[in-house]
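K.L.:
Here you go, upload11.tsv (TSV, C-alpha atoms):
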```
chain	number	residue	atom	x	y	z
A	562	MET	CA	13.44	-10.64	-1.50
A	563	ALA	CA	14.23	-8.38	-4.45
A	564	THR	CA	14.03	-4.66	-3.77
A	565	TYR	CA	13.44	-1.91	-6.31
A	566	ARG	CA	16.24	0.66	-5.90
A	567	GLU	CA	15.71	2.91	-8.90
A	568	ALA	CA	13.81	6.23	-8.94
A	569	LYS	CA	10.28	5.51	-7.70
A	570	CYS	CA	8.80	8.33	-9.74
A	571	ARG	CA	9.66	6.34	-12.88
A	572	LEU	CA	7.15	3.72	-11.72
A	573	CYS	CA	4.36	6.31	-11.69
A	574	ARG	CA	5.31	7.40	-15.18
A	575	ARG	CA	5.42	3.80	-16.38
A	576	GLU	CA	1.94	3.07	-15.03
A	577	GLY	CA	0.48	6.32	-16.34
A	578	GLY	CA	-0.73	7.68	-13.00
A	579	LYS	CA	0.34	8.71	-9.53
A	580	LEU	CA	1.02	5.76	-7.23
A	581	PHE	CA	1.87	8.04	-4.26
A	582	LEU	CA	5.15	6.29	-3.47
A	583	LYS	CA	7.07	9.35	-2.22
A	584	GLY	CA	4.86	10.81	0.50
A	585	ASP	CA	4.56	14.61	0.54
A	586	LYS	CA	6.45	14.98	-2.74
A	587	CYS	CA	3.51	13.41	-4.57
A	588	TYR	CA	1.16	16.17	-3.41
A	589	ASN	CA	3.14	19.26	-4.40
A	590	GLY	CA	4.47	20.79	-7.59
A	591	LYS	CA	7.76	18.89	-7.32
A	592	CYS	CA	6.16	15.65	-8.47
A	593	PRO	CA	8.04	14.52	-11.64
A	594	PHE	CA	4.89	12.87	-13.01
A	595	GLU	CA	3.20	16.26	-13.32
A	596	LYS	CA	6.15	17.56	-15.33
A	597	ARG	CA	6.64	14.45	-17.48
A	598	PRO	CA	3.44	12.33	-17.50
A	599	MET	CA	4.67	10.05	-20.29
A	600	ALA	CA	6.28	6.62	-19.91
A	601	PRO	CA	10.05	6.72	-19.25
A	602	GLY	CA	12.52	6.04	-22.04
A	603	GLN	CA	13.10	7.50	-25.47
A	604	HIS	CA	9.95	5.87	-26.85
A	605	GLY	CA	7.70	7.02	-24.02
A	606	LEU	CA	5.66	9.32	-26.24
A	607	GLY	CA	5.27	6.80	-29.05
A	608	ARG	CA	3.71	3.86	-27.26
A	609	LYS	CA	1.46	1.74	-29.46
A	610	LYS	CA	-2.04	0.66	-28.51
A	611	VAL	CA	-1.92	-1.80	-25.63
A	612	SER	CA	-3.56	-5.22	-26.01
A	613	GLU	CA	-6.11	-6.58	-23.55
A	614	TYR	CA	-3.43	-8.77	-22.00
A	615	GLY	CA	-1.12	-5.77	-21.77
A	616	GLN	CA	-3.77	-3.75	-19.95
A	617	GLN	CA	-4.34	-6.58	-17.47
A	618	LEU	CA	-0.60	-6.94	-16.90
A	619	ARG	CA	-0.15	-3.21	-16.33
A	620	GLU	CA	-3.01	-3.19	-13.81
A	621	LYS	CA	-1.36	-6.01	-11.89
A	622	GLN	CA	2.00	-4.24	-11.94
A	623	LYS	CA	0.37	-1.01	-10.76
A	624	VAL	CA	-1.24	-2.64	-7.72
A	625	LYS	CA	1.96	-4.53	-6.86
A	626	ARG	CA	3.86	-1.26	-6.89
A	627	ILE	CA	1.25	0.62	-4.88
A	628	TYR	CA	1.46	-1.91	-2.05
A	629	GLY	CA	5.15	-2.73	-2.51
A	630	VAL	CA	4.85	-6.50	-2.90
A	631	GLN	CA	6.70	-8.94	-5.15
A	632	GLU	CA	5.15	-11.33	-7.65
A	633	GLY	CA	5.22	-14.40	-5.38
A	634	GLN	CA	3.51	-12.54	-2.55
A	635	PHE	CA	0.94	-11.02	-4.88
A	636	ARG	CA	0.08	-14.38	-6.41
A	637	ALA	CA	-0.35	-15.83	-2.90
A	638	TYR	CA	-2.81	-13.03	-2.02
A	639	TYR	CA	-4.80	-13.77	-5.17
A	640	GLU	CA	-4.93	-17.51	-4.45
A	641	LYS	CA	-6.01	-16.93	-0.86
A	642	ALA	CA	-8.68	-14.47	-2.04
A	643	ASP	CA	-9.90	-17.00	-4.61
A	644	ARG	CA	-10.39	-19.60	-1.87
A	645	THR	CA	-12.30	-17.14	0.33
A	646	LYS	CA	-16.05	-16.72	0.07
A	647	GLY	CA	-17.02	-13.56	-1.79
A	648	ILE	CA	-15.73	-11.62	-4.79
A	649	THR	CA	-12.13	-12.61	-5.49
A	650	GLY	CA	-10.89	-9.16	-6.55
A	651	GLU	CA	-12.37	-7.44	-3.53
A	652	ASN	CA	-11.04	-10.13	-1.20
A	653	MET	CA	-7.56	-9.63	-2.66
A	654	LEU	CA	-7.65	-5.85	-2.14
A	655	SER	CA	-8.93	-6.34	1.40
A	656	LEU	CA	-5.93	-8.58	2.20
A	657	LEU	CA	-3.53	-6.01	0.76
A	658	GLU	CA	-5.18	-3.21	2.75
A	659	ARG	CA	-4.86	-5.25	5.94
A	660	ARG	CA	-1.10	-5.64	5.65
A	661	LEU	CA	0.48	-4.08	8.74
A	662	ASP	CA	2.68	-1.72	6.74
A	663	ASN	CA	-0.37	-0.42	4.87
A	664	VAL	CA	-2.34	-0.01	8.12
A	665	ILE	CA	0.55	1.98	9.62
A	666	PHE	CA	0.49	4.18	6.51
A	667	ARG	CA	-3.30	4.60	6.64
A	668	LEU	CA	-3.11	5.61	10.30
A	669	GLY	CA	-0.65	8.36	9.37
A	670	PHE	CA	2.44	7.00	11.11
A	671	GLY	CA	4.29	7.05	7.79
A	672	ALA	CA	4.16	9.51	4.89
A	673	SER	CA	4.38	6.62	2.43
A	674	ARG	CA	4.01	2.85	2.50
A	675	SER	CA	7.77	2.41	2.14
A	676	GLN	CA	8.38	4.59	5.20
A	677	ALA	CA	5.69	2.70	7.11
A	678	ARG	CA	7.36	-0.59	6.10
A	679	GLN	CA	10.67	0.65	7.44
A	680	LEU	CA	9.08	1.63	10.77
A	681	VAL	CA	7.56	-1.85	11.09
A	682	ASN	CA	10.86	-3.53	10.18
A	683	HIS	CA	12.61	-1.56	12.91
A	684	GLY	CA	10.22	-2.94	15.51
A	685	HIS	CA	8.46	0.27	16.56
A	686	PHE	CA	4.97	-1.25	16.88
A	687	LEU	CA	2.97	-3.65	18.98
A	688	VAL	CA	-0.15	-5.49	17.83
A	689	ASN	CA	-2.37	-6.45	20.76
A	690	GLY	CA	0.60	-5.86	23.07
A	691	LYS	CA	3.03	-8.07	21.14
A	692	LYS	CA	5.94	-6.86	19.02
A	693	VAL	CA	5.38	-7.41	15.30
A	694	ASN	CA	8.11	-6.48	12.84
A	695	ILE	CA	6.70	-8.26	9.78
A	696	PRO	CA	5.26	-5.76	7.25
A	697	SER	CA	3.08	-8.45	5.61
A	698	TYR	CA	1.34	-9.33	8.89
A	699	ILE	CA	-2.43	-9.33	8.25
A	700	VAL	CA	-4.43	-7.47	10.89
A	701	ARG	CA	-7.91	-8.58	11.98
A	702	LYS	CA	-10.96	-6.80	13.26
A	703	GLY	CA	-10.39	-5.75	16.86
A	704	ASP	CA	-6.59	-5.60	16.62
A	705	VAL	CA	-4.97	-2.68	18.44
A	706	ILE	CA	-1.76	-1.20	17.04
A	707	THR	CA	0.38	0.93	19.34
A	708	VAL	CA	3.86	2.43	19.33
A	709	LYS	CA	6.18	0.65	21.77
A	710	GLU	CA	6.34	2.60	25.01
A	711	CYS	CA	10.12	2.90	24.82
A	712	LYS	CA	9.78	4.46	21.35
A	713	THR	CA	7.17	7.12	22.15
A	714	SER	CA	9.86	9.59	23.24
A	715	ASN	CA	11.59	9.19	19.88
A	716	LYS	CA	11.88	12.55	18.07
A	717	TYR	CA	9.93	11.21	15.12
A	718	PHE	CA	6.88	10.25	17.17
A	719	GLU	CA	7.12	13.37	19.33
A	720	ALA	CA	6.96	15.48	16.17
A	721	LEU	CA	4.07	13.39	14.88
A	722	LYS	CA	1.97	14.32	17.90
A	723	SER	CA	2.18	18.00	17.00
A	724	THR	CA	1.03	17.54	13.41
A	725	LYS	CA	-2.50	17.57	12.08
A	726	PRO	CA	-3.68	13.93	11.86
A	727	ALA	CA	-4.31	12.56	8.39
A	728	ALA	CA	-7.81	11.48	7.37
A	729	THR	CA	-8.33	7.99	8.75
A	730	PRO	CA	-10.34	5.39	6.77
A	731	LYS	CA	-13.65	4.53	8.41
A	732	TRP	CA	-12.50	0.95	9.08
A	733	LEU	CA	-9.73	2.28	11.33
A	734	GLU	CA	-9.74	4.31	14.54
A	735	PHE	CA	-6.79	6.48	15.57
A	736	ASP	CA	-5.85	8.23	18.81
A	737	LEU	CA	-2.97	10.63	18.12
A	738	ASP	CA	-2.33	11.44	21.79
A	739	LYS	CA	-1.92	7.76	22.64
A	740	LEU	CA	-0.25	6.94	19.31
A	741	GLN	CA	-2.71	4.09	19.02
A	742	GLY	CA	-4.85	2.70	16.22
A	743	LYS	CA	-7.56	0.09	16.16
A	744	VAL	CA	-9.11	-2.02	13.39
A	745	ILE	CA	-12.83	-1.51	13.97
A	746	ALA	CA	-13.99	-3.28	10.78
A	747	LEU	CA	-12.64	-5.01	7.70
A	748	PRO	CA	-12.07	-2.74	4.69
A	749	GLU	CA	-14.80	-2.84	2.04
A	750	ARG	CA	-14.44	-2.05	-1.65
A	751	GLN	CA	-15.63	1.55	-1.29
A	752	ASP	CA	-12.88	2.13	1.28
A	753	ILE	CA	-10.15	1.28	-1.24
A	754	ASP	CA	-8.67	3.23	-4.16
A	755	SER	CA	-11.31	3.49	-6.88
A	756	GLN	CA	-8.60	3.78	-9.55
A	757	ILE	CA	-7.83	0.06	-9.24
A	758	ALA	CA	-9.57	-2.27	-11.70
A	759	GLU	CA	-9.20	-5.51	-9.75
A	760	HIS	CA	-11.36	-7.48	-12.18
A	761	MET	CA	-8.60	-7.15	-14.77
A	762	ILE	CA	-6.13	-8.81	-12.41
A	763	VAL	CA	-8.54	-11.65	-11.74
A	764	GLU	CA	-9.01	-12.12	-15.48
A	765	LEU	CA	-5.23	-12.21	-15.94
A	766	TYR	CA	-4.67	-14.89	-13.29
A	767	SER	CA	-7.72	-16.89	-14.42
A	768	LYS	CA	-6.25	-17.58	-17.86
```
What does this structure look like when you write it as structure tokens?
P.N.:
Amino acid sequence: MATYREAKCRLCRREGGKLFLKGDKCYNGKCPFEKRPMAPGQHGLGRKKVSEYGQQLREKQKVKRIYGVQEGQFRAYYEKADRTKGITGENMLSLLERRLDNVIFRLGFGASRSQARQLVNHGHFLVNGKKVNIPSYIVRKGDVITVKECKTSNKYFEALKSTKPAATPKWLEFDLDKLQGKVIALPERQDIDSQIAEHMIVELYSK
């Protein structure tokens, strides 16, 4: 799978808003987007008016970059959401939120989704007692995510226990002392970033 290896802050500038791809750096004064909020490149300040198609395309690119998925994966999420009963856009966002790497990020195990993805890839977590090292694994209601017992003494997780826990979405439950999270409900639209205009992505793929 292709991996983006350039400066991630350029992606925020290209999409015209913070995508929170760099963890703590995105929340302090060191964020490059706050210093240079225009699109990258010599013509960043002189962008022409974007067409309707261009706006839809940019919205799709923004969401792909937020969740760190490639085009093939993203299209598959849309098609699965379209086959599921309910509102297609909301179904698609729910699937993206339920990716294991995103759940690990939401629980506060990782400062960013990319760090959470790396932790999953390295096999640090169990889902319902079974090792899962696939970042795209879709969790279900009732699933319990824990750090492997042999990893709990790792310096990273020991340090995590002494930090103030991040705000946990209401569809998740987190026990910092046990390093354990649980999916207590499926994410609803109000639980997901309000800056995403999912209807534009649906319109793009529906053409």
K.L.:
Using only C-alpha atoms, which protein or nucleic acid residues come within 7 Å of segment 644-654 of chain A? Drop anything in the same chain fewer than 2 positions from it, and give the result as a ChimeraX atom specification.
P.N.:
/A:638-642,656-658,750,759-760,763
K.L.:
Which polymer residues have any atom within 12 Å of an atom of Glu632 of chain A, counting all atoms listed in the file, with same-chain residues fewer than 3 positions away left out, as a ChimeraX atom specification?
P.N.:
/A:562-564,618,621-626,628-629,635-639,766
K.L.:
Quick one: distance from atom CA of Tyr698 of chain A to atom CA of Ala727 of chain A in Å, one decimal?
P.N.:
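Atom CA of Ala727 of chain A lies 22.6 Å from atom CA of Tyr698 of chain A.
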K.L.:
Would you compute the distance between atom CA of Gly615 of chain A and atom CA of Leu765 of chain A? Give it in Å to one decimal.
P.N.:
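We find that atom CA of Gly615 of chain A and atom CA of Leu765 of chain A lie 9.6 Å from each other.
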K.L.:
Tell me which of A:Gln751, A:Ser675, A:Gln616, A:Thr707 sits closest to Leu737 of chain A, counting only C-alpha atoms.
P.N.:
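That would be A:Thr707, the residue with the smallest distance to Leu737 of chain A.
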K.L.:
From the set A:Gly669, A:Val708, A:Asp662, A:Tyr614, which residue has the shortest atom-to-atom contact distance to Leu687 of chain A, counting only C-alpha atoms?
P.N.:
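Among A:Gly669, A:Val708, A:Asp662, A:Tyr614, it is A:Val708 that comes nearest to Leu687 of chain A.
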K.L.:
Of the residues A:Glu764, A:Arg667, A:Glu710, A:Arg674, which is the one nearest to Lys731 of chain A, using all atoms listed in the file?
P.N.:
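Looking only at the distances to Lys731 of chain A, the closest residue turns out to be A:Arg667.
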K.L.:
Measure the distance from atom CA of Gly742 of chain A to atom CA of Val630 of chain A in Å and round it to one decimal.
P.N.:
23.3 Å
K.L.:
List as an NGL selection string: which residues have an atom within 12 Å of (1.7, 16.9, 13.6), counting all atoms listed in the file?
P.N.:
:A and (669-672 or 716-727 or 737-738 or 740)
